[in-house]
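Engineer: Take this structure first; my questions come after.
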Amino acid sequence: MEEKLLQAMKEYYDANESDVRLFFAPGRVNLIGEHIDYNGGFVFPCSLSIGTYMAVFPRPHTDRVRMLSLNFPDKGVVSFDVNKLEYDESDDWANYPKGVLNEFAKLGKQPGSGFDAVFYGNIPNGAGLSSSASIELATAVMWNEINEFGLSMTDLVKIGQRAENDFIGVSCGIMDQFAIGMGRENHAILLDCNTLDYDYSPVELGDYALVIANTNKRRGLADSKYNERRAECESALEAVRTKKEVRHLCDLNAAEFQEVKSVITEPEALKRAKHAVYENERTIQAAELLKEGDLHGFGRLMSQSHVSLRDDYEVSGNELDNLVEAAWSEDSVIGARMTGAGFGGCTVNIVHKKELEQTLGRIGSEYTKKTGLEAEFYIAEIGPGAKELKPVKEGDC
Ligand code: GLA
């Protein structure tokens with residue numbers, strides 16, 4: 001990986017290997033707690049060992065930034081002035097790192113010189129494993145390190161989220177950027193999105209594996225539907241506030257929700273609010289069960305989460321439902337659900353390791369029979385959060 005990036009740095013920018021700095025930010029998978037980060041709820045994501053690599057060559061005597069992605073070589077090198085950071089549709093993927101630089105500038109963190117960069121990511125594109133937040137955090141860590149701005153990782157997480165909200169125009173919550181910035185090897189993060197308090201939980205699955213299954217249906221409608229769901233939650237919240245003082249939907253527990261729900265008169269908004277409240281309770285309980293080693297209980301809650309996302313939140317779809325149902329029909333699968341924003345992308349599953357390949361083979365054929373698409377399976381490895389990669393010096397290993 002590093003070789004590939006260094007070679008491209010030399011080829012495109014004639015960069016000296018010893019001056020190149022390397023950064024990495026992971027992708028993420030959410031175990032449970034879906035579509036409630038922006039409702040002030042608890043989420044339970046982990047950072048993956050796959051992610052975005054970024055090689056950078058600082059250029060002290062120029063204002064130009066040049067960037068290339070080895071994932072989109074046809075788009076070529078994108079170049080812009082480090083002091084003129086404007087959204088430009090033709091810059092395509094490069095708007096993500098540009099948006100991040102712009103957020104630093106808005107905080108008065110102006111570097112005054114440009115750089116050359118090459119990106120390469122091994123997160124499957126459009127799979128809902130947060131390749132965009134991964135690019136954002138790789139860029140944020142890089143900019144903070146190179147300029148020695150001294151911002152904390154939580155600051156960088158917020159910068160990534162604001163770039164996505166304000167520069168890209170997707171009103172995402174904080175979960176993805178937080179999981180990617182703050183991730184820890186073999187741990188999930190129980191994050192309270194209301195206060196940003198968090199706790200690491202070891203993910204020890206014993207005889208079971210964490211399997212991510214890609215529907216290979218791209219998350220087409222996701223962005224517009226995402227913003228629509230947020231608006232529906234806002235409208236439910238406004239209605240609740242006529243009866244009870246709350247900051248977020250997830251301030252309500254199930255009993256309180258039952259008491260106030262009659263004020264939500266729009267049937268859609270009522271369903272969205274119900275999902276938010278119960279998903280929050282499931283997430284808190286699931287983290288507890290994982291701590292106690294009750295994997296079956298954890299898996300049951302994952303499956304209930306899918307049903308709620310399918311029927312009440314309505315962000316699943318034919319492909320995700322078929323892939324989840326095929327998993328549910330296997331005795332060795334103890335939990336399966338869609339993960340991320342929905343409308344395509346991936347499912348997350350807890351599957352017994354015995355005869356794992358055969359199990360996944362059967363799930364795959366059932367899925368193809370129903371949808372005509374080929375699913376892909378990855379055994380999820382939970383890796384560390386975003387960071388600078390130090391070159392391995394001789395004698396280190
Ligand atoms: C996307 C968003 C997150 C979160 C999830 C759904 O990944 O970026 O903030 O809302 O969808 O849980």
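Chain lettering (A, B, ...) mirrors the order of the structure tokens, residue numbering begins at 1 for each chain separately, and ligand numbering begins at 1 in order of display.
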If you run DSSP on the backbone here, which positions in region 63-203 of chain A get helix (DSSP H, G or I)? Please write them as a PyMOL selection string.
Structural biologist: chain A and resi 73-75+89-106+131-146+153-168+175-182
Engineer: Output C-alpha atoms of each residue in that selection to a file, as a PDB file, in the first residue's frame.
Structural biologist:
ATOM      1  CA  PRO A  73      -7.358   7.983 -11.773  1.00  0.00           C
ATOM      2  CA  ASP A  74      -9.570   9.110 -14.681  1.00  0.00           C
ATOM      3  CA  LYS A  75     -10.409  12.283 -12.794  1.00  0.00           C
ATOM      4  CA  GLU A  89     -18.834  20.016  -8.694  1.00  0.00           C
ATOM      5  CA  SER A  90     -16.196  19.130 -11.269  1.00  0.00           C
ATOM      6  CA  ASP A  91     -13.691  18.486  -8.436  1.00  0.00           C
ATOM      7  CA  ASP A  92     -15.852  15.491  -7.530  1.00  0.00           C
ATOM      8  CA  TRP A  93     -14.300  13.418  -4.670  1.00  0.00           C
ATOM      9  CA  ALA A  94     -11.752  16.205  -3.913  1.00  0.00           C
ATOM     10  CA  ASN A  95     -14.562  18.335  -2.457  1.00  0.00           C
ATOM     11  CA  TYR A  96     -14.346  16.201   0.711  1.00  0.00           C
ATOM     12  CA  PRO A  97     -10.732  17.103   1.575  1.00  0.00           C
ATOM     13  CA  LYS A  98     -11.299  20.635   0.301  1.00  0.00           C
ATOM     14  CA  GLY A  99     -14.299  21.003   2.632  1.00  0.00           C
ATOM     15  CA  VAL A 100     -12.100  19.949   5.543  1.00  0.00           C
ATOM     16  CA  LEU A 101      -9.405  22.547   4.708  1.00  0.00           C
ATOM     17  CA  ASN A 102     -12.193  25.107   4.493  1.00  0.00           C
ATOM     18  CA  GLU A 103     -13.403  24.271   8.021  1.00  0.00           C
ATOM     19  CA  PHE A 104      -9.880  24.829   9.362  1.00  0.00           C
ATOM     20  CA  ALA A 105      -9.779  28.169   7.545  1.00  0.00           C
ATOM     21  CA  LYS A 106     -13.116  29.140   9.112  1.00  0.00           C
ATOM     22  CA  SER A 131     -15.454   6.184   2.755  1.00  0.00           C
ATOM     23  CA  SER A 132     -16.274   9.899   2.697  1.00  0.00           C
ATOM     24  CA  ALA A 133     -15.870  10.403   6.462  1.00  0.00           C
ATOM     25  CA  SER A 134     -12.657   8.403   6.184  1.00  0.00           C
ATOM     26  CA  ILE A 135     -11.272  10.840   3.573  1.00  0.00           C
ATOM     27  CA  GLU A 136     -12.368  13.730   5.785  1.00  0.00           C
ATOM     28  CA  LEU A 137     -10.585  12.432   8.872  1.00  0.00           C
ATOM     29  CA  ALA A 138      -7.405  11.480   6.994  1.00  0.00           C
ATOM     30  CA  THR A 139      -7.301  15.072   5.712  1.00  0.00           C
ATOM     31  CA  ALA A 140      -8.112  16.610   9.100  1.00  0.00           C
ATOM     32  CA  VAL A 141      -5.391  14.639  10.917  1.00  0.00           C
ATOM     33  CA  MET A 142      -2.899  15.474   8.161  1.00  0.00           C
ATOM     34  CA  TRP A 143      -3.643  19.226   8.206  1.00  0.00           C
ATOM     35  CA  ASN A 144      -3.499  19.356  11.979  1.00  0.00           C
ATOM     36  CA  GLU A 145      -0.146  17.517  12.088  1.00  0.00           C
ATOM     37  CA  ILE A 146       1.561  19.239   9.191  1.00  0.00           C
ATOM     38  CA  MET A 153      -9.193  14.489  17.899  1.00  0.00           C
ATOM     39  CA  THR A 154     -12.696  15.541  19.000  1.00  0.00           C
ATOM     40  CA  ASP A 155     -12.105  18.911  17.302  1.00  0.00           C
ATOM     41  CA  LEU A 156     -11.032  17.104  14.130  1.00  0.00           C
ATOM     42  CA  VAL A 157     -14.120  14.882  14.292  1.00  0.00           C
ATOM     43  CA  LYS A 158     -16.342  17.973  14.470  1.00  0.00           C
ATOM     44  CA  ILE A 159     -14.445  19.582  11.583  1.00  0.00           C
ATOM     45  CA  GLY A 160     -15.116  16.459   9.482  1.00  0.00           C
ATOM     46  CA  GLN A 161     -18.816  16.526  10.293  1.00  0.00           C
ATOM     47  CA  ARG A 162     -19.132  20.252   9.525  1.00  0.00           C
ATOM     48  CA  ALA A 163     -17.371  19.769   6.180  1.00  0.00           C
ATOM     49  CA  GLU A 164     -19.953  17.109   5.294  1.00  0.00           C
ATOM     50  CA  ASN A 165     -22.895  19.229   6.532  1.00  0.00           C
ATOM     51  CA  ASP A 166     -21.914  22.634   5.193  1.00  0.00           C
ATOM     52  CA  PHE A 167     -19.588  22.026   2.234  1.00  0.00           C
ATOM     53  CA  ILE A 168     -21.023  18.775   0.846  1.00  0.00           C
ATOM     54  CA  MET A 175     -21.299   8.949  14.383  1.00  0.00           C
ATOM     55  CA  ASP A 176     -19.112   8.214  11.354  1.00  0.00           C
ATOM     56  CA  GLN A 177     -16.496  10.881  11.945  1.00  0.00           C
ATOM     57  CA  PHE A 178     -16.383  10.029  15.654  1.00  0.00           C
ATOM     58  CA  ALA A 179     -15.957   6.277  15.090  1.00  0.00           C
ATOM     59  CA  ILE A 180     -13.222   6.937  12.538  1.00  0.00           C
ATOM     60  CA  GLY A 181     -11.349   9.499  14.621  1.00  0.00           C
ATOM     61  CA  MET A 182     -11.661   7.798  17.992  1.00  0.00           C
TER      62      MET A 182
END
Engineer: Mind checking which residues fall within 7 Å of Tyr378 (chain A), counting only C-alpha atoms, ignoring those fewer than 3 positions away in the same chain, and posting them as number ranges by chain?
Structural biologist: A: 211-213
Engineer: Which protein, DNA or RNA residues have an atom within 6 Å of ligand 1, counting only C-alpha atoms and all ligand atoms, as a PyMOL selection string?
Structural biologist: chain A and resi 34-35+37+172-176+340-341
Engineer: Just to be explicit: take each residue in the selection above, keep N, CA and C atoms, and write the result as a PDB file, in the first residue's frame.
Structural biologist:
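Result saved to out.pdb:
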ATOM      1  N   GLU A  34     -28.955   2.829  14.921  1.00  0.00           N
ATOM      2  CA  GLU A  34     -28.952   3.406  13.570  1.00  0.00           C
ATOM      3  C   GLU A  34     -29.948   4.554  13.436  1.00  0.00           C
ATOM      4  N   HIS A  35     -29.487   5.610  12.768  1.00  0.00           N
ATOM      5  CA  HIS A  35     -30.302   6.811  12.535  1.00  0.00           C
ATOM      6  C   HIS A  35     -30.738   7.459  13.848  1.00  0.00           C
ATOM      7  N   ASP A  37     -28.052   9.060  15.825  1.00  0.00           N
ATOM      8  CA  ASP A  37     -27.013  10.014  16.261  1.00  0.00           C
ATOM      9  C   ASP A  37     -27.550  11.437  16.198  1.00  0.00           C
ATOM     10  N   CYS A 172     -25.499  14.852   7.903  1.00  0.00           N
ATOM     11  CA  CYS A 172     -25.202  13.648   8.693  1.00  0.00           C
ATOM     12  C   CYS A 172     -25.014  14.001  10.168  1.00  0.00           C
ATOM     13  N   GLY A 173     -25.146  12.997  11.016  1.00  0.00           N
ATOM     14  CA  GLY A 173     -24.841  13.164  12.432  1.00  0.00           C
ATOM     15  C   GLY A 173     -23.340  13.020  12.652  1.00  0.00           C
ATOM     16  N   ILE A 174     -22.958  12.749  13.904  1.00  0.00           N
ATOM     17  CA  ILE A 174     -21.521  12.746  14.219  1.00  0.00           C
ATOM     18  C   ILE A 174     -20.922  11.339  14.268  1.00  0.00           C
ATOM     19  N   MET A 175     -21.782  10.311  14.136  1.00  0.00           N
ATOM     20  CA  MET A 175     -21.299   8.949  14.383  1.00  0.00           C
ATOM     21  C   MET A 175     -20.089   8.542  13.537  1.00  0.00           C
ATOM     22  N   ASP A 176     -20.159   8.753  12.225  1.00  0.00           N
ATOM     23  CA  ASP A 176     -19.112   8.214  11.354  1.00  0.00           C
ATOM     24  C   ASP A 176     -17.762   8.849  11.652  1.00  0.00           C
ATOM     25  N   GLY A 340     -25.536   1.417   8.720  1.00  0.00           N
ATOM     26  CA  GLY A 340     -25.304   2.696   8.042  1.00  0.00           C
ATOM     27  C   GLY A 340     -26.620   3.341   7.632  1.00  0.00           C
ATOM     28  N   ALA A 341     -26.547   4.226   6.640  1.00  0.00           N
ATOM     29  CA  ALA A 341     -27.706   5.033   6.277  1.00  0.00           C
ATOM     30  C   ALA A 341     -28.830   4.221   5.632  1.00  0.00           C
TER      31      ALA A 341
END
Engineer: Between CA of His296 (chain A) and CA of Asn280 (chain A), what is the distance, to one decimal in Å?
Structural biologist: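 We find that CA of His296 (chain A) and CA of Asn280 (chain A) lie 18.9 Å from each other.
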Engineer: Between A:Gln7, A:Gln358, A:Ser47, A:Thr339, which residue has the minimum interatomic distance to Asn214 (chain A), considering only C-alpha atoms?
Structural biologist: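 Looking only at the distances to Asn214 (chain A), the closest residue turns out to be A:Thr339.
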Engineer: Using only C-alpha atoms, which protein or nucleic acid residues come within 6 Å of region 189-203 of chain A? Drop anything in the same chain fewer than 6 positions from it, and give the result as JSON, numbers by chain.
Structural biologist: {"A": [37, 40, 41, 42, 43, 44, 45]}
Engineer: Could you please determine the separation between CA of Ile264 (chain A) and CA of Ala236 (chain A) in Å, to one decimal place?
Structural biologist: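 Computed distance, CA of Ile264 (chain A) to CA of Ala236 (chain A), equals 5.9 Å.
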Engineer: Counting only C-alpha atoms, which of A:Tyr226, A:Tyr12, A:Phe377, A:Tyr313 gets nearest to Pro267 (chain A)?
Structural biologist: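 Of A:Tyr226, A:Tyr12, A:Phe377, A:Tyr313, the one nearest Pro267 (chain A), counting only C-alpha atoms, is A:Tyr313.
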Engineer: What does the structure give for the distance between CA of Ala25 (chain A) and CA of Thr52 (chain A), in Å to one decimal?
Structural biologist: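 That distance, rounded to one decimal, is 5.3 Å.
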